[in-house]
Amino acid sequence: LAVPGRPGALLPHVLVEGDTGRFALQVDRLLGQQETVLKPVPAPLERIPGLAGVTLLGTGRPVFLLDVPRLLAGG
């Protein structure tokens, strides 16, 4: 998403595979793996390209989920 990193900082990456190949997405941190229930994104957020949905953590905090294949396809 073109966010500059800190020079010399080692940040984790998530490897994803799409129709056009494999990619690494740089992330701030990894929190672990969790099963979630994907809920539709409420209006007007459904118009944001690459946003797949939202889920709620056990604390009630919303977490937005990316539509990685759509992002890799360019739209």
# chains A, B, ... in the order shown; residues from 1 in each chain; ligands from 1
$ select_by_dssp --residues "stretch 16-55 of chain A" --states "strand (DSSP E)" --output "list in words"
Val16, Glu17, Gly18, Gly21, Arg22, Phe23, Ala24, Leu25, Gln26, Leu51, Ala52, Gly53, Val54 and Thr55 of chain A
$ write_last_selection --atoms "N, CA, C and O atoms" --output "compact mmCIF listing (two decimals), in the first residue's frame"
# COMPACT_ATOMS: atom_id res chain seq x y z
N VAL A 16 1.27 -14.39 0.22
CA VAL A 16 -0.02 -14.71 -0.40
C VAL A 16 0.23 -15.14 -1.83
O VAL A 16 1.23 -14.77 -2.44
N GLU A 17 -0.68 -15.93 -2.34
CA GLU A 17 -0.56 -16.38 -3.72
C GLU A 17 -1.84 -16.04 -4.48
O GLU A 17 -2.94 -16.31 -4.00
N GLY A 18 -1.66 -15.41 -5.63
CA GLY A 18 -2.79 -15.05 -6.47
C GLY A 18 -2.63 -15.66 -7.86
O GLY A 18 -1.68 -16.40 -8.12
N GLY A 21 0.81 -14.83 -9.37
CA GLY A 21 2.03 -15.22 -8.68
C GLY A 21 1.96 -15.04 -7.18
O GLY A 21 0.90 -14.82 -6.62
N ARG A 22 3.13 -15.15 -6.57
CA ARG A 22 3.24 -15.01 -5.12
C ARG A 22 3.70 -13.61 -4.77
O ARG A 22 4.50 -13.01 -5.47
N PHE A 23 3.21 -13.13 -3.63
CA PHE A 23 3.53 -11.79 -3.17
C PHE A 23 3.74 -11.80 -1.67
O PHE A 23 3.21 -12.65 -0.97
N ALA A 24 4.50 -10.84 -1.18
CA ALA A 24 4.69 -10.66 0.26
C ALA A 24 4.09 -9.32 0.65
O ALA A 24 4.39 -8.30 0.05
N LEU A 25 3.23 -9.34 1.63
CA LEU A 25 2.62 -8.12 2.15
C LEU A 25 3.31 -7.78 3.47
O LEU A 25 3.31 -8.58 4.39
N GLN A 26 3.90 -6.61 3.55
CA GLN A 26 4.56 -6.18 4.78
C GLN A 26 3.49 -5.78 5.79
O GLN A 26 2.52 -5.10 5.46
N LEU A 51 -11.55 -4.20 0.08
CA LEU A 51 -12.04 -4.46 1.43
C LEU A 51 -13.07 -5.58 1.36
O LEU A 51 -14.12 -5.44 0.73
N ALA A 52 -12.74 -6.72 1.97
CA ALA A 52 -13.60 -7.91 1.85
C ALA A 52 -14.73 -7.91 2.86
O ALA A 52 -15.82 -8.39 2.58
N GLY A 53 -14.45 -7.44 4.04
CA GLY A 53 -15.47 -7.48 5.08
C GLY A 53 -14.88 -7.04 6.40
O GLY A 53 -13.78 -6.49 6.46
N VAL A 54 -15.60 -7.35 7.45
CA VAL A 54 -15.17 -6.97 8.79
C VAL A 54 -15.49 -8.12 9.73
O VAL A 54 -16.42 -8.89 9.50
N THR A 55 -14.69 -8.26 10.77
CA THR A 55 -14.98 -9.22 11.82
C THR A 55 -14.75 -8.53 13.15
O THR A 55 -14.15 -7.45 13.20
$ select_by_dssp --residues "chain A" --states "alpha helix (DSSP H)" --output "VMD selection string"
chain A and resid 68 to 72
$ residues_around --residues "stretch 32-40 of chain A" --least-positions-apart "6" --cutoff "12 Å" --atoms "only C-alpha atoms" --output "ChimeraX atom specification"
/A:14,46-47,51-58,62-67
$ atom_distance --atom1 "atom CA of A:Asp28" --atom2 "atom CA of A:Pro42"
25.4 Å
$ atom_distance --atom1 "atom CA of A:Pro44" --atom2 "atom CA of A:Leu72"
22.7 Å
$ closest_residue --among "A:Gly60, A:Leu45, A:Pro7, A:Pro12" --to "A:Leu31" --atoms "only C-alpha atoms"
A:Pro12
$ atom_distance --atom1 "atom CA of A:Leu71" --atom2 "atom CA of A:Leu15"
13.8 Å
